[in-house]
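Trainee: Coordinates in data_25.txt, compact mmCIF, C-alpha atoms and all ligand atoms, are listed below.
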# COMPACT_ATOMS: atom_id res chain seq x y z
CA MET A 1 223.32 46.49 -91.41
CA LYS A 2 224.36 50.06 -91.99
CA LEU A 3 225.10 52.31 -89.04
CA MET A 4 224.68 56.05 -89.31
CA TYR A 5 225.69 58.60 -86.79
CA GLY A 6 223.81 61.80 -86.34
CA PRO A 7 225.36 65.06 -85.20
CA PRO A 8 225.06 66.11 -81.59
CA LEU A 9 222.40 68.78 -81.19
CA PHE A 10 222.64 70.21 -77.74
CA HIS A 11 226.19 71.21 -77.14
CA LEU A 12 225.72 74.74 -75.96
CA LEU A 13 224.15 74.09 -72.60
CA LEU A 14 226.53 74.26 -69.70
CA TYR A 15 226.01 72.46 -66.46
CA PHE A 16 228.13 72.52 -63.35
CA ALA A 17 226.99 69.23 -61.92
CA SER A 18 229.56 66.95 -60.44
CA HIS A 19 228.17 63.54 -61.42
CA THR A 20 225.62 61.70 -63.51
CA LEU A 21 222.96 59.44 -62.09
CA GLY A 22 222.29 57.41 -65.17
CA VAL A 23 221.90 57.31 -68.90
CA ARG A 24 218.67 57.14 -70.87
CA ILE A 25 218.01 55.76 -74.36
CA GLU A 26 215.26 57.25 -76.45
CA SER A 27 214.28 55.27 -79.48
CA VAL A 28 212.11 55.63 -82.55
CA PRO A 29 210.18 53.34 -82.75
CA ALA A 30 209.64 53.31 -79.00
CA VAL A 31 210.66 50.60 -76.57
CA ASN A 32 207.74 48.43 -75.43
CA SER A 33 207.05 47.26 -71.89
CA ASP A 34 209.33 44.22 -72.35
CA GLY A 35 212.30 46.49 -73.15
CA LEU A 36 212.07 45.48 -76.82
CA ILE A 37 211.81 47.59 -79.94
CA GLN A 38 209.33 45.91 -82.28
CA MET A 39 210.45 46.14 -85.88
CA GLU A 40 210.03 44.60 -89.29
CA LEU A 41 212.58 44.17 -92.07
CA GLU A 42 213.46 47.30 -94.04
CA GLN A 43 212.48 49.61 -91.19
CA SER A 44 214.98 51.86 -89.47
CA VAL A 45 215.62 52.51 -85.82
CA SER A 46 217.16 55.56 -84.23
CA LEU A 47 218.63 55.40 -80.73
CA VAL A 48 219.66 58.47 -78.78
CA CYS A 49 221.56 58.15 -75.53
CA GLN A 50 221.83 60.96 -73.00
CA PRO A 51 223.05 61.25 -69.44
CA GLU A 52 220.18 61.54 -67.04
CA GLY A 53 219.63 63.44 -63.84
CA VAL A 54 222.34 65.90 -63.07
CA LEU A 55 223.84 66.43 -66.45
CA GLU A 56 227.39 66.98 -67.53
CA THR A 57 227.40 68.01 -71.16
CA ASP A 58 230.84 66.69 -71.88
CA GLU A 59 230.17 63.25 -70.43
CA GLU A 60 231.67 60.76 -72.92
CA LEU A 61 229.30 58.06 -74.07
CA VAL A 62 230.02 54.62 -75.53
CA TRP A 63 227.73 52.40 -77.60
CA LEU A 64 227.95 48.63 -77.74
CA ARG A 65 226.11 46.27 -80.08
CA ASN A 66 225.94 42.81 -78.48
CA GLY A 67 228.92 43.78 -76.32
CA ALA A 68 231.10 45.01 -79.18
CA ALA A 69 231.94 48.70 -79.41
CA VAL A 70 230.21 50.67 -82.14
CA SER A 71 232.59 53.15 -83.70
CA LEU A 72 231.19 56.65 -83.44
CA LYS A 73 232.14 59.79 -85.29
CA GLU A 74 233.81 62.54 -83.38
CA GLY A 75 231.25 64.90 -81.93
CA ASN A 76 228.75 62.05 -81.54
CA THR A 77 230.03 60.90 -78.16
CA LYS A 78 229.80 63.86 -75.79
CA GLY A 79 226.63 64.60 -73.88
CA ARG A 80 224.40 62.98 -76.47
CA SER A 81 225.04 60.15 -78.84
CA GLN A 82 222.92 58.77 -81.65
CA VAL A 83 223.05 55.45 -83.46
CA CYS A 84 220.82 54.52 -86.39
CA VAL A 85 220.34 51.11 -87.92
CA THR A 86 218.92 51.40 -91.41
CA PRO A 87 217.49 49.20 -92.63
CA VAL A 88 217.33 46.43 -90.08
CA ILE A 89 217.99 42.91 -91.36
CA SER A 90 217.05 39.56 -89.87
CA GLY A 91 220.54 39.41 -88.34
CA ASP A 92 219.64 42.41 -86.19
CA ASN A 93 216.96 40.42 -84.43
CA GLU A 94 217.77 40.15 -80.71
CA ALA A 95 220.66 42.59 -81.10
CA THR A 96 221.14 44.49 -77.86
CA PHE A 97 222.37 48.07 -77.97
CA THR A 98 223.94 49.36 -74.78
CA CYS A 99 225.00 52.89 -74.03
CA HIS A 100 227.26 53.66 -71.09
CA LEU A 101 229.49 56.39 -69.73
CA ARG A 102 233.05 55.94 -70.89
CA LYS A 103 234.35 56.57 -67.40
CA ASN A 104 231.94 54.16 -65.70
CA ALA A 105 230.44 51.26 -67.62
CA THR A 106 228.04 50.40 -64.79
CA ILE A 107 226.09 53.56 -65.60
CA SER A 108 224.35 52.17 -68.65
CA ALA A 109 221.08 51.53 -70.43
CA SER A 110 220.15 48.88 -73.02
CA VAL A 111 217.51 48.15 -75.59
CA THR A 112 216.99 45.03 -77.66
CA LEU A 113 215.53 44.77 -81.14
CA ASN A 114 212.81 42.30 -81.95
CA VAL A 115 212.91 42.15 -85.74
CA THR A 116 210.06 40.06 -87.09
CA TYR A 117 210.16 38.52 -90.56
CA PRO A 118 208.33 35.79 -92.43
CA PRO A 119 209.95 32.57 -93.71
CA GLN A 120 211.74 33.08 -97.04
CA LEU A 121 209.48 30.81 -99.07
CA SER A 122 208.14 31.74 -102.48
CA GLY A 123 208.02 30.80 -106.12
CA SER A 124 208.66 27.52 -107.80
CA GLN A 125 211.51 25.64 -109.35
CA GLU A 126 211.91 22.74 -111.74
CA ILE A 127 214.09 19.84 -110.74
CA SER A 128 215.15 16.97 -112.92
CA ILE A 129 216.60 13.89 -111.31
CA GLU A 130 217.63 10.48 -112.59
CA GLU A 131 216.09 7.30 -111.30
CA GLU A 132 217.92 5.74 -108.33
CA GLU A 133 219.47 9.04 -107.29
CA THR A 134 218.74 10.70 -103.93
CA LEU A 135 216.21 13.51 -103.97
CA VAL A 136 216.63 16.29 -101.40
CA LEU A 137 214.33 19.30 -101.30
CA GLY A 138 214.93 22.13 -98.84
CA CYS A 139 212.78 24.98 -97.58
CA ASP A 140 214.11 27.93 -95.62
CA ILE A 141 211.80 28.20 -92.62
CA TRP A 142 213.85 30.62 -90.48
CA ALA A 143 211.39 33.24 -89.26
CA ASN A 144 210.54 35.42 -86.29
CA PRO A 145 208.23 34.46 -84.68
CA GLN A 146 209.01 30.82 -85.51
CA VAL A 147 206.66 29.17 -87.98
CA SER A 148 203.83 27.44 -86.16
CA SER A 149 203.56 24.55 -88.62
CA LEU A 150 205.28 23.13 -91.64
CA SER A 151 204.05 20.48 -94.01
CA TRP A 152 205.22 18.81 -97.22
CA MET A 153 202.79 17.89 -99.97
CA LEU A 154 203.16 15.71 -103.06
CA ASN A 155 200.52 16.21 -105.75
CA GLY A 156 198.32 17.93 -103.22
CA SER A 157 198.39 15.24 -100.51
CA THR A 158 200.43 15.39 -97.36
CA VAL A 159 203.60 13.38 -97.75
CA ASP A 160 203.26 10.16 -95.81
CA LEU A 161 206.26 9.78 -93.56
CA LEU A 162 204.97 6.59 -91.96
CA GLU A 163 205.45 4.59 -95.15
CA GLY A 164 209.17 5.24 -94.87
CA VAL A 165 209.44 6.52 -98.44
CA PHE A 166 210.32 10.05 -97.37
CA THR A 167 212.32 11.49 -94.50
CA VAL A 168 211.86 15.02 -93.18
CA THR A 169 214.50 16.75 -91.08
CA ASN A 170 214.19 20.16 -89.51
CA ASP A 171 217.00 22.06 -87.83
CA GLY A 172 214.99 25.25 -87.26
CA PHE A 173 216.55 26.92 -90.30
CA THR A 174 215.72 24.48 -93.05
CA SER A 175 213.20 21.72 -93.49
CA GLN A 176 214.50 18.98 -95.75
CA LEU A 177 212.48 16.32 -97.48
CA SER A 178 214.57 13.48 -98.83
CA THR A 179 214.19 10.09 -100.37
CA ASN A 180 216.75 7.53 -101.48
CA ARG A 181 216.60 5.76 -104.82
CA VAL A 182 214.09 7.82 -106.70
CA GLU A 183 211.51 5.92 -108.77
CA LYS A 184 209.50 7.61 -111.48
CA ASN A 185 206.10 6.28 -110.46
CA LEU A 186 206.59 6.96 -106.76
CA HIS A 187 208.44 10.26 -106.74
CA GLU A 188 207.65 12.31 -109.83
CA GLY A 189 205.20 15.11 -109.26
CA THR A 190 204.61 18.51 -107.72
CA TYR A 191 206.06 19.04 -104.26
CA GLN A 192 205.18 21.89 -101.97
CA CYS A 193 206.37 22.95 -98.57
CA ILE A 194 203.85 25.04 -96.67
CA ALA A 195 204.66 27.05 -93.57
CA HIS A 196 202.24 28.89 -91.34
CA SER A 197 203.25 31.94 -89.35
CA SER A 198 201.00 33.30 -86.62
CA MET A 199 202.02 36.79 -87.71
CA TYR A 200 202.41 36.58 -91.48
CA GLY A 201 200.06 33.77 -92.50
CA ARG A 202 200.75 31.10 -95.10
CA TYR A 203 203.95 30.82 -97.12
CA ASP A 204 204.83 28.14 -99.63
CA GLN A 205 207.36 27.04 -102.17
CA VAL A 206 206.83 24.65 -105.07
CA PHE A 207 209.16 22.10 -106.72
CA TYR A 208 208.24 20.41 -109.99
CA VAL A 209 210.22 17.18 -109.93
CA THR A 210 210.78 15.16 -113.09
CA VAL A 211 212.39 11.74 -112.86
CA THR A 212 214.37 10.76 -115.93
CA GLU A 213 215.74 7.40 -117.00
CA ARG A 214 219.06 6.46 -115.59
CA THR A 215 221.85 7.24 -118.02
CA ILE A 216 224.81 4.90 -118.00
CA LYS A 217 227.76 6.64 -116.45
CA PHE A 218 231.33 5.52 -116.16
CA PRO A 219 232.69 7.05 -113.01
CA LEU A 220 236.01 5.37 -112.24
CA MET A 221 235.54 4.16 -108.67
CA PRO A 222 232.07 2.61 -109.01
CA LEU A 223 233.23 0.92 -112.22
CA ILE A 224 236.21 -0.69 -110.49
CA ALA A 225 234.03 -1.70 -107.58
CA GLY A 226 231.53 -3.04 -110.06
CA LEU A 227 234.24 -5.03 -111.85
CA VAL A 228 235.39 -6.59 -108.59
CA VAL A 229 231.83 -7.51 -107.77
CA VAL A 230 231.30 -8.98 -111.22
CA PHE A 231 234.56 -10.89 -110.93
CA LEU A 232 233.62 -12.29 -107.50
CA THR A 233 230.11 -13.13 -108.62
CA THR A 234 231.51 -14.92 -111.63
CA LEU A 235 233.89 -16.88 -109.39
CA LEU A 236 231.03 -17.82 -107.07
CA ALA A 237 228.88 -18.72 -110.03
CA VAL A 238 231.62 -20.90 -111.46
CA ALA A 239 232.29 -22.44 -108.04
CA SER A 240 228.64 -23.30 -107.46
CA ARG A 241 228.37 -24.39 -111.08
CA TRP A 242 231.26 -26.77 -110.41
CA LYS A 243 229.32 -28.36 -107.57
CA ASN A 244 226.38 -28.84 -109.85
CA ILE A 245 228.57 -29.99 -112.68
CA ARG A 246 230.30 -32.46 -110.37
CA LYS A 247 226.94 -33.58 -109.04
CA CYS A 248 225.84 -34.25 -112.56
CA CYS A 249 229.04 -36.08 -113.33
CA LYS A 250 228.70 -38.46 -110.48
C1 LIG B 1 230.28 53.69 -61.17
O1 LIG B 1 228.93 53.99 -60.85
C2 LIG B 1 228.42 53.20 -59.80
C3 LIG B 1 226.93 53.48 -59.69
O2 LIG B 1 226.66 54.86 -59.64
C4 LIG B 1 229.17 53.51 -58.51
O3 LIG B 1 228.67 52.71 -57.46
C5 LIG B 1 230.64 53.20 -58.73
O4 LIG B 1 231.39 53.58 -57.63
C6 LIG B 1 231.17 53.95 -59.96
N1 LIG B 1 232.51 53.50 -60.26
C7 LIG B 1 233.50 54.32 -60.53
C8 LIG B 1 234.82 53.71 -60.84
O5 LIG B 1 233.35 55.53 -60.50
C1 LIG B 2 208.88 39.50 -81.01
O1 LIG B 2 207.67 39.91 -81.60
C2 LIG B 2 206.81 38.86 -81.98
C3 LIG B 2 205.62 39.43 -82.67
O2 LIG B 2 204.98 40.39 -81.92
C4 LIG B 2 206.42 38.05 -80.76
O3 LIG B 2 205.60 36.97 -81.15
C5 LIG B 2 207.68 37.53 -80.09
O4 LIG B 2 207.35 36.85 -78.91
C6 LIG B 2 208.61 38.69 -79.76
N1 LIG B 2 209.87 38.13 -79.27
C7 LIG B 2 210.24 38.25 -78.01
C8 LIG B 2 211.58 37.70 -77.69
O5 LIG B 2 209.55 38.81 -77.19
C1 LIG B 3 201.65 13.40 -109.60
O1 LIG B 3 200.89 13.95 -110.67
C2 LIG B 3 201.52 13.81 -111.93
C3 LIG B 3 200.67 14.56 -112.97
O2 LIG B 3 199.32 14.24 -112.82
C4 LIG B 3 201.67 12.34 -112.28
O3 LIG B 3 202.30 12.19 -113.52
C5 LIG B 3 202.50 11.69 -111.20
O4 LIG B 3 202.61 10.30 -111.42
C6 LIG B 3 201.90 11.92 -109.82
N1 LIG B 3 202.85 11.43 -108.82
C7 LIG B 3 202.53 10.59 -107.84
C8 LIG B 3 203.62 10.18 -106.93
O5 LIG B 3 201.41 10.19 -107.70
I need this file expressed as structure tokens, please.

Mentor:
Amino acid sequence: MKLMYGPPLFHLLLYFASHTLGVRIESVPAVNSDGLIQMELEQSVSLVCQPEGVLETDEELVWLRNGAAVSLKEGNTKGRSQVCVTPVISGDNEATFTCHLRKNATISASVTLNVTYPPQLSGSQEISIEEEETLVLGCDIWANPQVSSLSWMLNGSTVDLLEGVFTVTNDGFTSQLSTNRVEKNLHEGTYQCIAHSSMYGRYDQVFYVTVTERTIKFPLMPLIAGLVVVFLTTLLAVASRWKNIRKCCK
């Protein structure tokens, strides 16, 4: 987010009023009936705050964004104060801008941005994974308004979660499809996550997954663990063999 501060325009008018009744925010684009400014990514918003009613030109104004003070250039605080956000980003969604008199914070006005954006899904990627490894595919589904549906496909058919081969988790930001112990004949293919947005329509992302043969690796810990297992198994084998051997010897 980049903030820009315009110059004050009406400094020459003099008023002899003793107090201010309120402050007013004028915005482009305009505030809707819910007190929200409807915006899309890459657009800009300009907010101008002015004392209302009986006006004192030198009334000091303060801007807050979500309760934190916005630093304003000198000359942009007295009588009229402007804040621009250009361009808006998804992080500006639900940001509330409040303008108040420096001397009395209860005399204030606020507007809130409603920045809409589609889920960030597009394109395709190739993924190569070895047999027996864990496959995790993730799709970024964060959007405003929230996506109305999300589905995962493998080779054009909806992934069957009931069979227990795949697990899907969704934390509102990311939808993850995962499966333990990949097998070539079960898991190789073209995956797709498809999101529907009531506002932006259909979005998807494709993953071409290739399952390769397991290469023999020698990571230290698994090897040691493996050795212990082999050793124990051998012991057990010998022990049970002994029983059999003894049986035979009887
Ligand atoms: C601030 O403004 C409110 C509303 O006009 C008024 O009731 C209150 O007394 C003012 N407070 C101060 C410290 O001036
Ligand atoms: C923001 O705008 C979208 C699209 O018009 C709407 O669906 C959503 O309800 C709005 N958000 C809020 C908090 O009103
Ligand atoms: C998906 O399609 C590809 C190419 O036709 C095929 O090789 C693969 O086995 C299929 N995967 C599954 C899980 O059916």

Trainee: Using all atoms listed in the file, what are the residues with an atom within 10 Å of ligand LIG 2 (chain B), set out as a PyMOL selection string?

Mentor: chain A and resi 32+34-40+93-94+112-117+144-146+197-200

Trainee: Just how far from atom CA of A:Arg181 is atom C4 of ligand LIG 3 (chain B), in Å to one decimal?

Mentor: 17.9 Å

Trainee: Do you have, as CSV, the list of residues of chain A lying at most 7 Å from ligand LIG 1 (chain B), each with its nearest atom pair and that distance in Å to one decimal, counting all atoms listed in the file and ordered by chain then number?

Mentor:
residue,atom,partner,partner_atom,distance
A:Leu21,CA,B:LIG1,O2,6.4
A:Asn104,CA,B:LIG1,C1,4.8
A:Ala105,CA,B:LIG1,C1,6.9
A:Thr106,CA,B:LIG1,C1,5.4
A:Ile107,CA,B:LIG1,O1,5.6

Trainee: Mind checking which residues fall within 10 Å of A:Ser124, counting all atoms listed in the file, ignoring those fewer than 4 positions away in the same chain, and posting them as a PDB file with C-alpha atoms, in the coordinates of the input?

Mentor:
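Result file around-v6.pdb:
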ATOM      1  CA  THR A 190     204.610  18.510-107.720  1.00  0.00           C
ATOM      2  CA  TYR A 191     206.060  19.040-104.260  1.00  0.00           C
ATOM      3  CA  GLN A 192     205.180  21.890-101.970  1.00  0.00           C
ATOM      4  CA  ASP A 204     204.830  28.140 -99.630  1.00  0.00           C
ATOM      5  CA  GLN A 205     207.360  27.040-102.170  1.00  0.00           C
ATOM      6  CA  VAL A 206     206.830  24.650-105.070  1.00  0.00           C
ATOM      7  CA  PHE A 207     209.160  22.100-106.720  1.00  0.00           C
ATOM      8  CA  TYR A 208     208.240  20.410-109.990  1.00  0.00           C
TER       9      TYR A 208
END

Trainee: Residues at most 12 Å from ligand LIG 3 (chain B), using only C-alpha atoms and all ligand atoms? Could they come as a PDB file with C-alpha atoms, keeping the file's coordinate frame?

Mentor:
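Saved result, part.pdb, follows:
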ATOM      1  CA  MET A 153     202.790  17.890 -99.970  1.00  0.00           C
ATOM      2  CA  LEU A 154     203.160  15.710-103.060  1.00  0.00           C
ATOM      3  CA  ASN A 155     200.520  16.210-105.750  1.00  0.00           C
ATOM      4  CA  GLY A 156     198.320  17.930-103.220  1.00  0.00           C
ATOM      5  CA  SER A 157     198.390  15.240-100.510  1.00  0.00           C
ATOM      6  CA  THR A 158     200.430  15.390 -97.360  1.00  0.00           C
ATOM      7  CA  VAL A 159     203.600  13.380 -97.750  1.00  0.00           C
ATOM      8  CA  ASP A 160     203.260  10.160 -95.810  1.00  0.00           C
ATOM      9  CA  VAL A 165     209.440   6.520 -98.440  1.00  0.00           C
ATOM     10  CA  PHE A 166     210.320  10.050 -97.370  1.00  0.00           C
ATOM     11  CA  VAL A 182     214.090   7.820-106.700  1.00  0.00           C
ATOM     12  CA  GLU A 183     211.510   5.920-108.770  1.00  0.00           C
ATOM     13  CA  LYS A 184     209.500   7.610-111.480  1.00  0.00           C
ATOM     14  CA  ASN A 185     206.100   6.280-110.460  1.00  0.00           C
ATOM     15  CA  LEU A 186     206.590   6.960-106.760  1.00  0.00           C
ATOM     16  CA  HIS A 187     208.440  10.260-106.740  1.00  0.00           C
ATOM     17  CA  GLU A 188     207.650  12.310-109.830  1.00  0.00           C
ATOM     18  CA  GLY A 189     205.200  15.110-109.260  1.00  0.00           C
ATOM     19  CA  THR A 190     204.610  18.510-107.720  1.00  0.00           C
ATOM     20  CA  TYR A 191     206.060  19.040-104.260  1.00  0.00           C
ATOM     21  CA  GLN A 192     205.180  21.890-101.970  1.00  0.00           C
ATOM     22  CA  PHE A 207     209.160  22.100-106.720  1.00  0.00           C
ATOM     23  CA  TYR A 208     208.240  20.410-109.990  1.00  0.00           C
ATOM     24  CA  VAL A 209     210.220  17.180-109.930  1.00  0.00           C
ATOM     25  CA  THR A 210     210.780  15.160-113.090  1.00  0.00           C
ATOM     26  CA  VAL A 211     212.390  11.740-112.860  1.00  0.00           C
TER      27      VAL A 211
END

Trainee: Closest to A:Gly22 among A:Gln43, A:Ser108, A:Asn180, A:Ser71, using all atoms listed in the file?

Mentor: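 The closest residue to A:Gly22 is A:Ser108.
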
Trainee: So, with only C-alpha atoms as the atoms that count, which of A:Val147, A:Val45, A:Ala30, A:Leu72 lies closest to A:Ser175?

Mentor: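 With only C-alpha atoms as the atom set, the closest residue is A:Val147.
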
Trainee: Env of A:Ser27: 10 Å cut, atoms = only C-alpha atoms, seq-sep filter 3 positions within chain, self excluded. Answer as a list of chain:residue names.

Mentor: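 So, after excluding close chain neighbours, the residues are A:Arg24, A:Ala30, A:Val31, A:Ile37, A:Val45, A:Ser46, A:Leu47, A:Val48, A:Cys49, A:Gln82, A:Val83, A:Cys84, A:Val111.
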
Trainee: Mind pulling up the distance from atom CA of A:Ile89 to atom CA of A:Gly201?

Mentor: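 Atom CA of A:Gly201 sits 20.2 Å away from atom CA of A:Ile89.
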
Trainee: What is the distance between atom CA of A:Ser151 and atom CA of A:Ile194, in Å to one decimal?

Mentor: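 Calculated distance between atom CA of A:Ser151 and atom CA of A:Ile194 is 5.3 Å.
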
Trainee: For a cut-off of 12 Å around (229.8, 47.3, -83.2), file coordinates, pick out all residues using only C-alpha atoms and list them as JSON, numbers by chain.

Mentor: {"A": [1, 2, 3, 4, 62, 63, 64, 65, 66, 67, 68, 69, 70, 71, 72, 83, 84, 85, 92, 95, 96, 97, 98, 99]}

Trainee: Which protein, DNA or RNA residues have an atom at most 6 Å from (210.3, 23.9, -95.5), counting all atoms listed in the file? List them as a PyMOL selection string.

Mentor: chain A and resi 138-141+174-175+193

Trainee: Write out, as a PDB file, in the frame of the given file, the residues just selected, with C-alpha atoms.

Mentor:
ATOM      1  CA  GLY A 138     214.930  22.130 -98.840  1.00  0.00           C
ATOM      2  CA  CYS A 139     212.780  24.980 -97.580  1.00  0.00           C
ATOM      3  CA  ASP A 140     214.110  27.930 -95.620  1.00  0.00           C
ATOM      4  CA  ILE A 141     211.800  28.200 -92.620  1.00  0.00           C
ATOM      5  CA  THR A 174     215.720  24.480 -93.050  1.00  0.00           C
ATOM      6  CA  SER A 175     213.200  21.720 -93.490  1.00  0.00           C
ATOM      7  CA  CYS A 193     206.370  22.950 -98.570  1.00  0.00           C
TER       8      CYS A 193
END

Trainee: Residues near A:Thr212, anyone? I mean within 9 Å using only C-alpha atoms, not counting same-chain ones fewer than 4 positions away, as a list in words.

Mentor: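 Near A:Thr212, the qualifying residues are Ser128, Ile129, Glu130, Glu131 and Lys184 of chain A.
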
Trainee: With distances taken over only C-alpha atoms, which residue among A:Gly172, A:Gly53, A:Pro29, A:Gly79 lies nearest A:Leu101?

Mentor: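 Comparing A:Gly172, A:Gly53, A:Pro29, A:Gly79 against A:Leu101, the winner is A:Gly79.
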